[in-house]
Amino acid sequence: MSDSTARRPLRADARRNYERILAAAQEAFAAHGAGASLEEIARHAGVGSATLHRHFPSRRSLLEVVFHDRVEALCARAQERGEESEPGAALFSWLGDFNAYAAASRGLAASLLHDGRDTDLLQQNDSCKMMITNAAGELLHAAQQAGAVRPGVHAEDLLTLVSAISLATEHHDDGRAGRLLDIAIDGIRPHRHHRAATNREAP
């Protein structure tokens with residue numbers, strides 16, 4: 001959909017169709033992940049596939065709209081964490097926020113993993129992914145500068161880890177996702193032997 005088309009006001013019936021499609025897509029993606037059938041989404045919205053594709057020419061464009069507001073809220077939370085806590089705690093707490101988000105938004109998790117199940121899905125959500133990567137990168141940089149996270153860790157690594165956890169535990173509501181995140185966080189802290197060696201070398 002071009003920018004000019006996106007800005008053009010919709011007729012009342014077109015607006016209703018647009019909103020019904022979004023509502024059906026939100027339910028479908030929550031239930032079945034980002035690979036949910038577009039034909040089923042159209043059917044549940046009470047429109048034809050042609051109408052769905054007129055509003056959303058690709059899976060990517062539909063996912064972008066469905067996820068955008070929640071991604072903005074997640075990124076705003078990253079800024080709040082950075083202002084409220086010291087750098088390490090801010091990053092680790094926000095990774096918990098992202099873990100909860102990924103569990104409820106499996107489409108984003110799948111897109112970050114680039115699992116190859118859908119070639120269109122591999123390209124979807126570019127601006128959303130960029131916003132989250134930038135938010136994670138700022139928190140990570142501050143944590144590394146403070147010595148709370150070891151060097152060599154990248155924001156994309158953290159997002160992929162959390163996304164993988166959400167996919168691996170999507171059928172387990174037993175706290176497993178939180179435990180796995182704790183293990184992952186322990187793995188990005190400075191190595192104990194490195195800290196000990198640094199302390200021994202310090203004058």
# chains A, B, ... in the order shown; residues from 1 in each chain; ligands from 1
call {"tool": "residues_around", "arguments": {"residues": "Ile185 of chain A", "least_positions_apart": "6", "cutoff": "12 Å", "atoms": "only C-alpha atoms", "output": "list in words"}}
result
Gly88, Ala89, Leu91, Phe92, Ser93, Trp94, Leu95, Gly96, Asn99, Leu140, Ala148, Val149, Arg150, Val153, Asp157, Leu158, Leu159, Leu161, Val162, Gly178, Arg179 and His191 of chain A
call {"tool": "write_last_selection", "arguments": {"atoms": "C-alpha atoms", "output": "PDB file, in the first residue's frame"}}
result
ATOM      1  CA  GLY A  88      21.779  -3.766  34.130  1.00  0.00           C
ATOM      2  CA  ALA A  89      18.482  -3.987  35.981  1.00  0.00           C
ATOM      3  CA  LEU A  91      17.874  -4.226  30.526  1.00  0.00           C
ATOM      4  CA  PHE A  92      17.016  -7.406  32.411  1.00  0.00           C
ATOM      5  CA  SER A  93      13.598  -6.095  33.455  1.00  0.00           C
ATOM      6  CA  TRP A  94      12.800  -5.017  29.905  1.00  0.00           C
ATOM      7  CA  LEU A  95      13.812  -8.416  28.561  1.00  0.00           C
ATOM      8  CA  GLY A  96      11.124  -9.747  30.887  1.00  0.00           C
ATOM      9  CA  ASN A  99       9.392 -12.068  26.962  1.00  0.00           C
ATOM     10  CA  LEU A 140      22.218  -3.068  26.102  1.00  0.00           C
ATOM     11  CA  ALA A 148      26.562  -5.462  33.785  1.00  0.00           C
ATOM     12  CA  VAL A 149      26.677  -7.329  30.445  1.00  0.00           C
ATOM     13  CA  ARG A 150      29.725  -8.882  28.872  1.00  0.00           C
ATOM     14  CA  VAL A 153      26.540  -9.469  23.003  1.00  0.00           C
ATOM     15  CA  ASP A 157      21.142 -11.879  19.937  1.00  0.00           C
ATOM     16  CA  LEU A 158      18.930 -10.955  22.873  1.00  0.00           C
ATOM     17  CA  LEU A 159      15.805 -10.570  20.755  1.00  0.00           C
ATOM     18  CA  LEU A 161      16.960 -15.619  22.458  1.00  0.00           C
ATOM     19  CA  VAL A 162      13.744 -14.250  23.919  1.00  0.00           C
ATOM     20  CA  GLY A 178      10.676 -17.001  32.994  1.00  0.00           C
ATOM     21  CA  ARG A 179      13.130 -19.660  34.138  1.00  0.00           C
ATOM     22  CA  HIS A 191      32.117 -14.186  33.046  1.00  0.00           C
TER      23      HIS A 191
END
call {"tool": "closest_residue", "arguments": {"among": "A:Ala104, A:Gly187, A:Ala76, A:Gly152", "to": "His171 of chain A", "atoms": "only C-alpha atoms"}}
result
A:Ala104
call {"tool": "residues_around", "arguments": {"residues": "segment 39-52 of chain A", "least_positions_apart": "2", "cutoff": "9 Å", "atoms": "only C-alpha atoms", "output": "list in words"}}
result
Ala14, Asn17, Tyr18, Glu19, Arg20, Ile21, Leu22, Ala23, Ala24, Ala25, Glu27, Ala28, Ala36, Ser37, Arg54, His55, Phe56 and Pro57 of chain A
call {"tool": "closest_residue", "arguments": {"among": "A:Asn134, A:Gln79, A:Ser58, A:Ser105", "to": "Ala155 of chain A", "atoms": "only C-alpha atoms"}}
result
A:Asn134
call {"tool": "select_by_dssp", "arguments": {"residues": "segment 20-107 of chain A", "states": "helix (DSSP H, G or I)", "output": "ChimeraX atom specification"}}
result
/A:20-32,38-45,49-55,59-84,87-104,106-107
